[in-house]
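Visitor: My structure file final36.pdb, PDB, C-alpha atoms, is below:
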```
ATOM      1  CA  MET F1211    -130.833 -11.286 -41.887
ATOM      2  CA  LYS F1212    -129.667 -13.157 -38.889
ATOM      3  CA  VAL F1213    -126.798 -14.663 -40.798
ATOM      4  CA  ASN F1214    -125.545 -11.340 -41.916
ATOM      5  CA  ILE F1215    -125.474 -10.074 -38.425
ATOM      6  CA  LEU F1216    -123.384 -13.024 -37.096
ATOM      7  CA  SER F1217    -120.864 -12.966 -39.860
ATOM      8  CA  PRO F1218    -119.286  -9.715 -38.827
ATOM      9  CA  MET F1219    -119.150 -10.977 -35.261
ATOM     10  CA  VAL F1220    -117.614 -14.206 -36.333
ATOM     11  CA  MET F1221    -115.156 -12.369 -38.416
ATOM     12  CA  ALA F1222    -114.276 -10.217 -35.462
ATOM     13  CA  VAL F1223    -113.701 -13.259 -33.302
ATOM     14  CA  VAL F1224    -111.589 -14.852 -35.961
ATOM     15  CA  VAL F1225    -109.585 -11.729 -36.453
ATOM     16  CA  SER F1226    -109.092 -11.386 -32.712
ATOM     17  CA  THR F1227    -108.038 -14.960 -32.449
ATOM     18  CA  LEU F1228    -105.611 -14.596 -35.280
ATOM     19  CA  SER F1229    -104.300 -11.411 -33.791
ATOM     20  CA  LEU F1230    -103.707 -13.098 -30.465
ATOM     21  CA  ALA F1231    -102.054 -15.994 -32.192
ATOM     22  CA  GLY F1232     -99.701 -13.636 -33.981
ATOM     23  CA  THR F1233     -98.934 -11.831 -30.795
ATOM     24  CA  GLY F1234     -98.126 -15.115 -29.020
ATOM     25  CA  THR F1235     -95.876 -16.184 -31.813
ATOM     26  CA  ALA F1236     -93.902 -12.907 -31.646
ATOM     27  CA  ALA F1237     -93.555 -13.196 -27.888
ATOM     28  CA  GLU F1238     -92.293 -16.708 -28.186
ATOM     29  CA  GLY F1239     -89.747 -15.542 -30.734
ATOM     30  CA  GLN F1240     -88.447 -12.833 -28.439
ATOM     31  CA  GLN F1241     -88.238 -15.283 -25.565
ATOM     32  CA  GLN F1242     -86.280 -17.679 -27.709
ATOM     33  CA  ARG F1243     -83.892 -14.985 -28.723
ATOM     34  CA  LYS F1244     -83.330 -14.006 -25.093
ATOM     35  CA  GLU F1245     -82.661 -17.570 -24.170
ATOM     36  CA  ASP F1246     -80.266 -17.907 -27.081
ATOM     37  CA  GLN F1247     -78.435 -14.747 -26.022
ATOM     38  CA  GLN F1248     -78.306 -15.884 -22.422
ATOM     39  CA  GLN F1249     -76.932 -19.230 -23.461
ATOM     40  CA  GLU F1250     -74.395 -17.504 -25.679
ATOM     41  CA  ARG F1251     -73.277 -15.305 -22.745
ATOM     42  CA  VAL F1252     -73.044 -18.318 -20.507
ATOM     43  CA  GLN F1253     -71.001 -20.130 -23.091
ATOM     44  CA  LYS F1254     -68.703 -17.116 -23.543
ATOM     45  CA  GLN F1255     -68.337 -16.782 -19.786
ATOM     46  CA  ALA F1256     -67.530 -20.474 -19.563
ATOM     47  CA  GLU F1257     -64.967 -20.091 -22.318
ATOM     48  CA  GLN F1258     -63.431 -17.069 -20.506
ATOM     49  CA  ASP F1259     -63.394 -18.963 -17.228
ATOM     50  CA  GLN F1260     -61.772 -21.918 -18.919
ATOM     51  CA  LYS F1261     -59.234 -19.633 -20.562
ATOM     52  CA  GLN F1262     -58.464 -17.884 -17.264
ATOM     53  CA  GLN F1263     -58.180 -21.258 -15.568
ATOM     54  CA  GLN F1264     -55.761 -22.397 -18.215
ATOM     55  CA  GLN F1265     -53.760 -19.173 -17.806
ATOM     56  CA  ARG F1266     -53.666 -19.628 -14.038
ATOM     57  CA  ALA F1267     -52.593 -23.216 -14.499
ATOM     58  CA  GLN F1268     -49.881 -22.133 -16.893
ATOM     59  CA  GLN F1269     -48.797 -19.394 -14.445
ATOM     60  CA  GLN F1270     -48.689 -21.882 -11.609
ATOM     61  CA  GLU F1271     -46.676 -24.287 -13.733
ATOM     62  CA  LYS F1272     -44.304 -21.457 -14.626
ATOM     63  CA  GLN F1273     -43.957 -20.410 -10.983
ATOM     64  CA  GLN F1274     -43.480 -24.030  -9.958
ATOM     65  CA  ALA F1275     -40.788 -24.429 -12.599
ATOM     66  CA  GLN F1276     -39.055 -21.210 -11.407
ATOM     67  CA  LYS F1277     -39.274 -22.373  -7.797
ATOM     68  CA  GLN F1278     -37.791 -25.728  -8.735
ATOM     69  CA  GLN F1279     -34.961 -23.936 -10.540
ATOM     70  CA  GLN F1280     -34.359 -21.702  -7.510
ATOM     71  CA  ASP F1281     -34.457 -24.714  -5.174
ATOM     72  CA  GLN F1282     -32.015 -26.516  -7.443
ATOM     73  CA  LYS F1283     -29.666 -23.528  -7.477
ATOM     74  CA  GLN F1284     -29.937 -23.163  -3.705
ATOM     75  CA  LEU F1285     -29.227 -26.853  -3.309
ATOM     76  CA  GLU F1286     -26.178 -26.532  -5.564
ATOM     77  CA  ARG F1287     -24.946 -23.498  -3.586
ATOM     78  CA  THR F1288     -25.503 -25.362  -0.319
ATOM     79  CA  GLN F1289     -23.603 -28.339  -1.641
ATOM     80  CA  GLN F1290     -20.769 -26.086  -2.814
ATOM     81  CA  GLN F1291     -20.645 -24.365   0.575
ATOM     82  CA  SER F1292     -20.688 -27.713   2.322
ATOM     83  CA  GLU F1293     -17.852 -28.955   0.122
ATOM     84  CA  GLN F1294     -15.889 -25.753   0.806
ATOM     85  CA  GLU F1295     -16.487 -26.087   4.535
ATOM     86  CA  GLN F1296     -15.386 -29.706   4.405
ATOM     87  CA  LYS F1297     -12.232 -28.643   2.578
ATOM     88  CA  GLU F1298     -11.540 -25.937   5.172
ATOM     89  CA  ILE F1299     -12.157 -28.394   8.018
ATOM     90  CA  ARG F1300      -9.819 -30.944   6.444
ATOM     91  CA  ALA F1301      -7.191 -28.227   5.862
ATOM     92  CA  TRP F1302      -7.510 -27.051   9.494
ATOM     93  CA  GLN F1303      -7.274 -30.616  10.772
ATOM     94  CA  GLU F1304      -4.185 -31.190   8.655
ATOM     95  CA  HIS F1305      -2.657 -27.952   9.948
ATOM     96  CA  GLN F1306      -3.383 -28.963  13.546
ATOM     97  CA  ARG F1307      -1.899 -32.387  12.987
ATOM     98  CA  GLU F1308       1.267 -30.884  11.510
ATOM     99  CA  ARG F1309       1.499 -28.348  14.362
ATOM    100  CA  ILE F1310       1.137 -31.077  16.979
ATOM    101  CA  GLU F1311       3.762 -33.156  15.219
ATOM    102  CA  ARG F1312       6.151 -30.179  15.111
ATOM    103  CA  GLN F1313       5.567 -29.476  18.788
ATOM    104  CA  SER F1314       6.144 -33.106  19.611
ATOM    105  CA  GLU F1315       9.370 -33.088  17.608
ATOM    106  CA  GLN F1316      10.508 -29.871  19.296
ATOM    107  CA  LYS F1317       9.769 -31.283  22.739
ATOM    108  CA  GLU F1318      11.612 -34.446  21.862
ATOM    109  CA  GLN F1319      14.592 -32.428  20.648
ATOM    110  CA  GLN F1320      14.525 -30.316  23.806
ATOM    111  CA  ARG F1321      14.426 -33.419  25.983
ATOM    112  CA  ALA F1322      17.282 -34.944  24.037
ATOM    113  CA  GLN F1323      19.299 -31.743  24.302
ATOM    114  CA  GLN F1324      18.559 -31.443  27.999
ATOM    115  CA  GLN F1325      19.610 -35.032  28.581
ATOM    116  CA  LYS F1326      22.784 -34.382  26.649
ATOM    117  CA  GLN F1327      23.535 -31.275  28.721
ATOM    118  CA  GLU F1328      22.862 -33.179  31.920
ATOM    119  CA  GLN F1329      25.170 -35.948  30.814
ATOM    120  CA  ILE F1330      27.896 -33.449  29.950
ATOM    121  CA  GLN F1331      27.407 -31.667  33.270
ATOM    122  CA  GLU F1332      27.488 -34.959  35.127
ATOM    123  CA  GLN F1333      30.689 -35.939  33.347
ATOM    124  CA  LYS F1334      32.253 -32.625  34.243
ATOM    125  CA  GLN F1335      31.233 -32.946  37.864
ATOM    126  CA  GLN F1336      32.582 -36.470  38.016
ATOM    127  CA  GLN F1337      36.026 -35.247  37.047
ATOM    128  CA  ARG F1338      38.113 -34.512  40.105
ATOM    129  CA  LEU F1339      41.157 -32.440  40.841
ATOM    130  CA  SER F1340      44.260 -34.137  42.123
ATOM    131  CA  GLN F1341      44.715 -34.537  45.862
ATOM    132  CA  GLN F1342      47.463 -31.939  45.835
ATOM    133  CA  GLN F1343      45.291 -29.380  44.033
ATOM    134  CA  GLN F1344      42.443 -30.079  46.408
ATOM    135  CA  GLN F1345      44.612 -29.498  49.493
ATOM    136  CA  GLN F1346      45.999 -26.283  48.046
ATOM    137  CA  ARG F1347      42.483 -24.987  47.425
ATOM    138  CA  ILE F1348      41.444 -25.856  50.996
ATOM    139  CA  LYS F1349      44.488 -24.024  52.410
ATOM    140  CA  GLU F1350      43.695 -20.904  50.433
ATOM    141  CA  GLN F1351      40.072 -21.104  51.512
ATOM    142  CA  ARG F1352      40.917 -21.263  55.230
ATOM    143  CA  GLN F1353      43.090 -18.167  54.911
ATOM    144  CA  SER F1354      40.386 -16.324  53.004
ATOM    145  CA  VAL F1355      37.743 -17.098  55.634
ATOM    146  CA  GLU F1356      39.965 -15.919  58.495
ATOM    147  CA  LEU F1357      40.732 -12.632  56.731
ATOM    148  CA  TYR F1358      37.054 -12.106  56.035
ATOM    149  CA  ARG F1359      36.146 -12.545  59.715
ATOM    150  CA  GLN F1360      38.680  -9.909  60.667
ATOM    151  CA  HIS F1361      37.315  -7.592  58.010
ATOM    152  CA  LEU F1362      33.757  -7.884  59.359
ATOM    153  CA  GLU F1363      34.918  -6.832  62.831
ATOM    154  CA  GLN F1364      36.611  -3.726  61.418
ATOM    155  CA  GLU F1365      33.520  -2.778  59.420
ATOM    156  CA  GLU F1366      31.437  -2.366  62.585
ATOM    157  CA  ARG F1367      33.156   0.947  63.409
ATOM    158  CA  LEU F1368      32.742   2.314  59.892
ATOM    159  CA  ALA F1369      29.060   1.369  59.887
ATOM    160  CA  ARG F1370      28.411   3.261  63.151
ATOM    161  CA  GLU F1371      30.134   6.381  61.775
ATOM    162  CA  HIS F1372      28.075   6.301  58.594
ATOM    163  CA  ALA F1373      24.847   5.790  60.541
ATOM    164  CA  ALA F1374      25.602   8.915  62.616
ATOM    165  CA  LEU F1375      26.161  10.895  59.385
ATOM    166  CA  LEU F1376      22.792   9.823  58.034
ATOM    167  CA  GLN F1377      21.078  10.968  61.226
ATOM    168  CA  ARG F1378      22.716  14.380  60.997
ATOM    169  CA  GLN F1379      21.558  14.666  57.386
ATOM    170  CA  ARG F1380      18.029  13.675  58.466
ATOM    171  CA  ARG F1381      17.988  10.870  55.894
ATOM    172  CA  LEU F1382      15.661   8.694  57.930
ATOM    173  CA  ALA F1383      14.708   6.245  55.185
ATOM    174  CA  GLN F1384      18.358   5.667  54.260
ATOM    175  CA  TYR F1385      19.215   5.275  57.962
ATOM    176  CA  ARG F1386      16.531   2.584  58.355
ATOM    177  CA  PHE F1387      17.810   0.798  55.254
ATOM    178  CA  GLN F1388      21.373   0.774  56.634
ATOM    179  CA  GLU F1389      20.237  -0.571  60.011
ATOM    180  CA  GLU F1390      18.410  -3.410  58.266
ATOM    181  CA  TYR F1391      21.466  -4.106  56.135
ATOM    182  CA  LEU F1392      23.717  -4.203  59.202
ATOM    183  CA  GLU F1393      21.343  -6.578  60.954
ATOM    184  CA  ARG F1394      21.593  -8.983  58.034
ATOM    185  CA  LEU F1395      25.395  -8.706  58.178
ATOM    186  CA  ARG F1396      25.369  -9.539  61.900
ATOM    187  CA  GLN F1397      23.309 -12.650  61.264
ATOM    188  CA  GLN F1398      25.764 -13.587  58.553
ATOM    189  CA  GLN F1399      28.676 -13.050  60.940
ATOM    190  CA  ASN F1400      27.050 -15.235  63.590
ATOM    191  CA  TYR F1401      26.666 -18.007  61.021
ATOM    192  CA  LEU F1402      30.340 -17.838  60.118
ATOM    193  CA  ARG F1403      31.324 -17.943  63.785
ATOM    194  CA  ASP F1404      29.198 -20.991  64.579
ATOM    195  CA  HIS F1405      29.435 -22.927  61.311
ATOM    196  CA  ARG F1406      31.842 -25.825  60.940
ATOM    197  CA  PHE F1407      32.763 -26.279  57.312
ATOM    198  CA  ASP F1408      33.433 -29.777  55.942
ATOM    199  CA  TYR F1409      36.379 -29.156  53.647
ATOM    200  CA  ASP F1410      37.094 -32.793  52.886
ATOM    201  CA  ASN F1411      33.624 -33.643  51.552
ATOM    202  CA  ASP F1412      32.631 -30.384  49.877
ATOM    203  CA  PRO F1413      32.562 -30.961  46.068
ATOM    204  CA  TYR F1414      33.839 -27.449  45.365
ATOM    205  CA  PHE F1415      37.334 -28.441  46.444
ATOM    206  CA  TYR F1416      37.703 -31.329  44.018
ATOM    207  CA  THR F1417      35.581 -30.126  41.041
ATOM    208  CA  PRO F1418      37.556 -28.672  38.110
ATOM    209  CA  PRO F1419      36.664 -25.354  36.417
ATOM    210  CA  ILE F1420      34.037 -25.268  33.669
ATOM    211  CA  TYR F1421      33.771 -21.460  33.125
ATOM    212  CA  ARG F1422      36.087 -18.576  32.603
ATOM    213  CA  TYR F1423      35.366 -14.862  33.028
ATOM    214  CA  TYR F1424      37.266 -11.647  32.428
ATOM    215  CA  ARG F1425      37.833  -9.005  35.092
ATOM    216  CA  GLY F1426      40.509  -6.439  35.758
ATOM    217  CA  GLY F1427      42.540  -7.216  32.655
ATOM    218  CA  ARG F1428      42.801 -10.982  33.124
ATOM    219  CA  TYR F1429      40.817 -14.209  32.833
ATOM    220  CA  TYR F1430      39.747 -16.366  35.775
ATOM    221  CA  GLN F1431      38.511 -19.963  35.785
ATOM    222  CA  ILE F1432      35.852 -21.296  38.153
ATOM    223  CA  ASN F1433      33.658 -24.337  38.623
ATOM    224  CA  GLU F1434      29.865 -24.372  38.933
ATOM    225  CA  TYR F1435      29.904 -23.922  42.729
ATOM    226  CA  ALA F1436      31.940 -20.734  42.524
ATOM    227  CA  ALA F1437      29.840 -19.491  39.585
ATOM    228  CA  LYS F1438      26.751 -19.861  41.751
ATOM    229  CA  TRP F1439      28.170 -17.455  44.338
ATOM    230  CA  LEU F1440      29.087 -14.836  41.751
ATOM    231  CA  ARG F1441      25.541 -14.986  40.375
ATOM    232  CA  GLN F1442      24.304 -14.553  43.924
ATOM    233  CA  ALA F1443      26.574 -11.538  44.392
ATOM    234  CA  VAL F1444      24.950  -9.741  41.443
ATOM    235  CA  ARG F1445      21.436 -10.683  42.561
ATOM    236  CA  TYR F1446      21.968  -9.563  46.177
ATOM    237  CA  GLY F1447      23.645  -6.403  44.951
ATOM    238  CA  TYR F1448      20.639  -5.515  42.798
ATOM    239  CA  GLU F1449      18.183  -6.142  45.652
ATOM    240  CA  GLU F1450      20.136  -4.046  48.160
ATOM    241  CA  GLY F1451      20.774  -1.338  45.575
ATOM    242  CA  PHE F1452      17.066  -1.069  44.772
ATOM    243  CA  ARG F1453      16.246  -0.618  48.465
ATOM    244  CA  ALA F1454      18.986   1.998  48.882
ATOM    245  CA  GLY F1455      17.815   3.928  45.808
ATOM    246  CA  LYS F1456      14.208   3.843  46.976
ATOM    247  CA  ALA F1457      15.277   5.110  50.424
ATOM    248  CA  ASP F1458      17.076   8.130  48.888
ATOM    249  CA  ARG F1459      14.013   8.824  46.747
ATOM    250  CA  ASP F1460      11.791   8.655  49.840
ATOM    251  CA  ASP F1461      14.174  11.057  51.609
ATOM    252  CA  ARG F1462      14.212  13.289  48.503
ATOM    253  CA  TRP F1463      17.983  13.185  48.732
ATOM    254  CA  ARG F1464      19.611  14.783  45.708
ATOM    255  CA  GLY F1465      23.172  15.292  46.887
ATOM    256  CA  GLY F1466      24.542  11.780  46.592
ATOM    257  CA  SER F1467      24.692   8.653  44.505
ATOM    258  CA  TYR F1468      24.897   4.893  44.905
ATOM    259  CA  LYS F1469      28.564   5.258  45.914
ATOM    260  CA  ASP F1470      27.523   7.130  49.094
ATOM    261  CA  SER F1471      25.656   4.086  50.404
ATOM    262  CA  TYR F1472      27.366   2.066  53.110
ATOM    263  CA  ALA F1473      25.992  -1.119  51.548
ATOM    264  CA  TYR F1474      27.773  -0.289  48.276
ATOM    265  CA  ARG F1475      31.067   0.358  50.089
ATOM    266  CA  ASP F1476      30.754  -2.818  52.139
ATOM    267  CA  ALA F1477      29.411  -5.089  49.352
ATOM    268  CA  ASN F1478      29.669  -8.180  51.563
ATOM    269  CA  TYR F1479      26.053  -9.113  52.127
ATOM    270  CA  GLY F1480      25.538 -12.741  51.126
ATOM    271  CA  TYR F1481      29.244 -13.566  51.155
ATOM    272  CA  ASN F1482      30.375 -16.331  53.520
ATOM    273  CA  GLY F1483      34.052 -16.277  52.707
ATOM    274  CA  TYR F1484      34.003 -19.476  50.665
ATOM    275  CA  TYR F1485      34.358 -20.492  47.002
ATOM    276  CA  VAL F1486      35.261 -17.063  45.537
ATOM    277  CA  SER F1487      37.537 -14.250  46.652
ATOM    278  CA  ARG F1488      36.083 -11.334  48.556
ATOM    279  CA  ALA F1489      37.387  -8.959  45.870
ATOM    280  CA  ASP F1490      35.450 -10.819  43.166
ATOM    281  CA  TYR F1491      32.303 -11.010  45.267
ATOM    282  CA  ASN F1492      32.500  -7.277  46.114
ATOM    283  CA  TYR F1493      33.009  -6.343  42.467
ATOM    284  CA  TYR F1494      29.960  -8.208  41.193
ATOM    285  CA  PHE F1495      27.840  -7.184  44.176
ATOM    286  CA  ARG F1496      28.552  -3.531  43.305
ATOM    287  CA  GLU F1497      27.729  -4.149  39.635
ATOM    288  CA  GLY F1498      24.299  -5.357  40.673
ATOM    289  CA  PHE F1499      23.964  -2.636  43.334
ATOM    290  CA  ARG F1500      24.571   0.196  40.858
ATOM    291  CA  ARG F1501      21.805  -1.009  38.550
ATOM    292  CA  GLY F1502      19.424  -1.699  41.402
ATOM    293  CA  TYR F1503      20.006   1.766  42.889
ATOM    294  CA  GLU F1504      19.201   3.416  39.547
ATOM    295  CA  ASP F1505      15.942   1.457  39.257
ATOM    296  CA  GLY F1506      14.952   2.119  42.872
ATOM    297  CA  TYR F1507      15.791   5.823  42.823
ATOM    298  CA  ASN F1508      13.978   6.397  39.515
ATOM    299  CA  SER F1509      11.078   4.073  40.417
ATOM    300  CA  ARG F1510      11.411   1.892  37.318
ATOM    301  CA  TYR F1511      12.471  -1.603  36.264
ATOM    302  CA  ARG F1512      15.061  -1.160  33.554
ATOM    303  CA  TYR F1513      17.460  -3.794  34.887
ATOM    304  CA  GLY F1514      15.149  -5.931  36.998
ATOM    305  CA  ARG F1515      11.594  -6.780  37.993
ATOM    306  CA  PHE F1516       9.376  -7.019  41.057
ATOM    307  CA  ASP F1517       7.926 -10.473  41.657
ATOM    308  CA  ASN F1518       6.256 -11.968  44.749
ATOM    309  CA  GLY F1519       7.480  -9.158  46.982
ATOM    310  CA  ASN F1520      11.102  -9.400  45.835
ATOM    311  CA  PHE F1521      13.310  -7.298  43.569
ATOM    312  CA  SER F1522      15.367  -9.370  41.146
ATOM    313  CA  ILE F1523      17.717  -8.565  38.303
ATOM    314  CA  LEU F1524      16.826  -9.711  34.788
ATOM    315  CA  ASP F1525      18.528 -12.887  33.589
ATOM    316  CA  ASN F1526      19.930 -11.272  30.442
ATOM    317  CA  ILE F1527      21.449  -8.414  32.477
ATOM    318  CA  LEU F1528      22.939 -10.960  34.883
ATOM    319  CA  SER F1529      24.542 -12.845  31.981
ATOM    320  CA  GLN F1530      25.939  -9.623  30.501
ATOM    321  CA  ILE F1531      27.544  -8.619  33.796
ATOM    322  CA  LEU F1532      29.175 -11.995  34.458
ATOM    323  CA  GLY F1533      30.106 -12.927  30.886
ATOM    324  CA  PHE F1534      30.784 -16.568  31.707
ATOM    325  CA  GLN F1535      32.345 -18.635  28.916
ATOM    326  CA  ASN F1536      32.274 -22.435  28.842
ATOM    327  CA  ILE F1537      35.698 -24.031  28.704
ATOM    328  CA  ARG F1538      34.661 -27.678  28.659
TER     329      ARG F1538
END
```
Kindly return the structure encoded in the file as structure tokens.

Guide:
Amino acid sequence: MKVNILSPMVMAVVVSTLSLAGTGTAAEGQQQRKEDQQQERVQKQAEQDQKQQQQRAQQQEKQQAQKQQQDQKQLERTQQQSEQEQKEIRAWQEHQRERIERQSEQKEQQRAQQQKQEQIQEQKQQQRLSQQQQQQRIKEQRQSVELYRQHLEQEERLAREHAALLQRQRRLAQYRFQEEYLERLRQQQNYLRDHRFDYDNDPYFYTPPIYRYYRGGRYYQINEYAAKWLRQAVRYGYEEGFRAGKADRDDRWRGGSYKDSYAYRDANYGYNGYYVSRADYNYYFREGFRRGYEDGYNSRYRYGRFDNGNFSILDNILSQILGFQNIR
């Protein structure tokens, strides 16, 4: 009886034990599966990470290769630019060298030409007129100077009459200009009165002509000393003419012209009676005066320029007026 009672209990314990054992086995199986799945996910993640790492490495290699190509191209461009710059520098240096050589050659040619001209001029100056020609020129010069002194004394009366006319016309600026002009003539006259001219040693009297010029239907021949005075006549004429024209403009004088000026009629300022005839000096003085008056009256510089406080005629205009021609 006792055995029968325990058997069911034992059976229950056995069954319970077996049931627990089965339950434990199932749990262990689920745990294993979870671990397997987790490991599989880890492995897949590792494979993805490795793949991404490989892709990044490949991308970096690609970028590095592109950068190297760009650097290479940039280096080639830089080298090309450097070569081009070197070529340009060499071309510029060559151009500068050629320019300097040309300038040096031109300067050398100019020096040689200048030396040649100086030698020619020196040879011309060394030539002398005969003693008879020299004495004849001195005789004519003495007569010319004496006549010029007499002329200056006669001009004093005419100058006073013209000054009175200007005062009546109330041309104050023109009156002041004439007074200044007359004062310069008086100084010139005093010089002629006191000066003792050395005829025997003056090179003008034994130097032959080197120029010719045309005036009044005929040609004249002169040497360099006489040519200098004719150039001076034109220059002084322009200066005085400019002042006279400016004075008439300041006076707003519209009724006259350069021919009304006493300085134009006189035309002797700067002339000392030597080297050239008074008629020639007067003619070229008036040629300069006419152009200077036009510039001064119209307040312009068509024939001359203003430099360092002085009015001066242009060199090309001076050459046109004189028209000197070399004869040697």

Visitor: So that I can see what lies close to stretch 1507-1521 of chain F, please list as number ranges by chain the residues with an atom at most 12 Å from it, counting all atoms listed in the file and leaving out residues fewer than 6 positions away in the same chain.

Guide: F: 1384, 1444-1464, 1466-1468, 1497-1501, 1527-1531

Visitor: Would you work out the distance separating atom CA of F:Asp1412 from atom CA of F:Arg1425, expressed in Å to one decimal?

Guide: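 Calculated distance between atom CA of F:Asp1412 and atom CA of F:Arg1425 is 26.5 Å.
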
Visitor: Taking 6 positions as the minimum chain separation for residues in the same chain, which residues sit within 12 Å of F:Phe1534 when counting all atoms listed in the file? Answer as number ranges by chain.

Guide: F: 1419-1425, 1429-1434, 1436-1438, 1440-1441, 1528

Visitor: List as a short mmCIF file (atom, residue, chain, number, x, y, z; two decimals) with C-alpha atoms, in the frame of the given file the protein and nucleic acid residues near F:Gln1442, meaning an atom at most 12 Å away when all atoms listed in the file are counted, but skip any in the same chain fewer than 6 places from it.

Guide:
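Output (part.cif):
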```cif
data_model
loop_
_atom_site.label_atom_id
_atom_site.label_comp_id
_atom_site.auth_asym_id
_atom_site.auth_seq_id
_atom_site.Cartn_x
_atom_site.Cartn_y
_atom_site.Cartn_z
CA TYR F 1435 29.90 -23.92 42.73
CA ALA F 1436 31.94 -20.73 42.52
CA TYR F 1448 20.64 -5.52 42.80
CA GLU F 1449 18.18 -6.14 45.65
CA ASN F 1478 29.67 -8.18 51.56
CA TYR F 1479 26.05 -9.11 52.13
CA GLY F 1480 25.54 -12.74 51.13
CA TYR F 1481 29.24 -13.57 51.16
CA ASN F 1482 30.38 -16.33 53.52
CA VAL F 1486 35.26 -17.06 45.54
CA ASP F 1490 35.45 -10.82 43.17
CA TYR F 1491 32.30 -11.01 45.27
CA ASN F 1492 32.50 -7.28 46.11
CA TYR F 1494 29.96 -8.21 41.19
CA PHE F 1495 27.84 -7.18 44.18
CA ARG F 1496 28.55 -3.53 43.30
CA GLU F 1497 27.73 -4.15 39.64
CA GLY F 1498 24.30 -5.36 40.67
CA PHE F 1499 23.96 -2.64 43.33
CA SER F 1522 15.37 -9.37 41.15
CA ILE F 1523 17.72 -8.56 38.30
CA ASP F 1525 18.53 -12.89 33.59
CA LEU F 1528 22.94 -10.96 34.88
CA LEU F 1532 29.18 -12.00 34.46
#
```

Visitor: I'd like the neighbourhood of stretch 1364-1369 of chain F as a list in words, where a residue qualifies if any of its atoms comes within 10 Å (using all atoms listed in the file), though same-chain residues fewer than 5 positions away should be ignored.

Guide: Tyr1358, Arg1359, Ala1374, Leu1375, Gln1388, Glu1389, Leu1392, Leu1395, Arg1396, Tyr1472, Ala1473 and Asp1476 of chain F

Visitor: Selection from above, C-alpha atoms, as a PDB file, in the frame of the given file, can you write it?

Guide:
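Generated file (part_17.pdb):
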```
ATOM      1  CA  TYR F1358      37.054 -12.106  56.035  1.00  0.00           C
ATOM      2  CA  ARG F1359      36.146 -12.545  59.715  1.00  0.00           C
ATOM      3  CA  ALA F1374      25.602   8.915  62.616  1.00  0.00           C
ATOM      4  CA  LEU F1375      26.161  10.895  59.385  1.00  0.00           C
ATOM      5  CA  GLN F1388      21.373   0.774  56.634  1.00  0.00           C
ATOM      6  CA  GLU F1389      20.237  -0.571  60.011  1.00  0.00           C
ATOM      7  CA  LEU F1392      23.717  -4.203  59.202  1.00  0.00           C
ATOM      8  CA  LEU F1395      25.395  -8.706  58.178  1.00  0.00           C
ATOM      9  CA  ARG F1396      25.369  -9.539  61.900  1.00  0.00           C
ATOM     10  CA  TYR F1472      27.366   2.066  53.110  1.00  0.00           C
ATOM     11  CA  ALA F1473      25.992  -1.119  51.548  1.00  0.00           C
ATOM     12  CA  ASP F1476      30.754  -2.818  52.139  1.00  0.00           C
TER      13      ASP F1476
END
```

Visitor: From the set F:Gln1265, F:Gln1377, F:Gln1258, F:Thr1417, which residue has the shortest atom-to-atom contact distance to F:Ser1340, counting only C-alpha atoms?

Guide: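 Among the listed residues, the smallest separation from F:Ser1340 belongs to F:Thr1417.
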
Visitor: If the box runs along x, y and z of the file and leaves 8 Å on each side of stretch 1290-1299 of chain F, what are its centre and edge lengths in Å, one decimal, as JSON?

Guide:
```
{"center_x": -16.2, "center_y": -27.0, "center_z": 2.6, "size_x": 25.2, "size_y": 21.3, "size_z": 26.8}
```

Visitor: Which value, in Å to one decimal, gives the distance between atom CA of F:Arg1538 and atom CA of F:Asp1408?

Guide: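 Atom CA of F:Arg1538 sits 27.4 Å away from atom CA of F:Asp1408.
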
Visitor: Quick one: distance from atom CA of F:Tyr1485 to atom CA of F:Phe1387 in Å, one decimal?

Guide: 28.2 Å

Visitor: Because the input lacks atoms here, generate N, CA and C atoms for stretch 1279-1287 of chain F and report them as a PDB file, keeping the file's coordinate frame.

Guide:
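Below you can see result14.pdb, which holds the result:
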```pdb
ATOM      1  N   GLN F1279     -36.281 -24.397 -10.116  1.00  0.00           N
ATOM      2  CA  GLN F1279     -34.961 -23.936 -10.540  1.00  0.00           C
ATOM      3  C   GLN F1279     -34.228 -23.253  -9.393  1.00  0.00           C
ATOM      4  N   GLN F1280     -34.967 -22.379  -8.650  1.00  0.00           N
ATOM      5  CA  GLN F1280     -34.359 -21.702  -7.510  1.00  0.00           C
ATOM      6  C   GLN F1280     -33.920 -22.703  -6.440  1.00  0.00           C
ATOM      7  N   ASP F1281     -34.798 -23.688  -6.163  1.00  0.00           N
ATOM      8  CA  ASP F1281     -34.457 -24.714  -5.174  1.00  0.00           C
ATOM      9  C   ASP F1281     -33.230 -25.495  -5.613  1.00  0.00           C
ATOM     10  N   GLN F1282     -33.164 -25.782  -6.919  1.00  0.00           N
ATOM     11  CA  GLN F1282     -32.015 -26.516  -7.443  1.00  0.00           C
ATOM     12  C   GLN F1282     -30.734 -25.707  -7.294  1.00  0.00           C
ATOM     13  N   LYS F1283     -30.831 -24.395  -7.618  1.00  0.00           N
ATOM     14  CA  LYS F1283     -29.666 -23.528  -7.477  1.00  0.00           C
ATOM     15  C   LYS F1283     -29.244 -23.412  -6.015  1.00  0.00           C
ATOM     16  N   GLN F1284     -30.235 -23.256  -5.124  1.00  0.00           N
ATOM     17  CA  GLN F1284     -29.937 -23.163  -3.705  1.00  0.00           C
ATOM     18  C   GLN F1284     -29.288 -24.443  -3.202  1.00  0.00           C
ATOM     19  N   LEU F1285     -29.803 -25.569  -3.692  1.00  0.00           N
ATOM     20  CA  LEU F1285     -29.227 -26.853  -3.309  1.00  0.00           C
ATOM     21  C   LEU F1285     -27.790 -26.966  -3.787  1.00  0.00           C
ATOM     22  N   GLU F1286     -27.542 -26.491  -5.028  1.00  0.00           N
ATOM     23  CA  GLU F1286     -26.178 -26.532  -5.564  1.00  0.00           C
ATOM     24  C   GLU F1286     -25.255 -25.635  -4.757  1.00  0.00           C
ATOM     25  N   ARG F1287     -25.763 -24.404  -4.405  1.00  0.00           N
ATOM     26  CA  ARG F1287     -24.946 -23.498  -3.586  1.00  0.00           C
ATOM     27  C   ARG F1287     -24.660 -24.118  -2.220  1.00  0.00           C
TER      28      ARG F1287
END
```
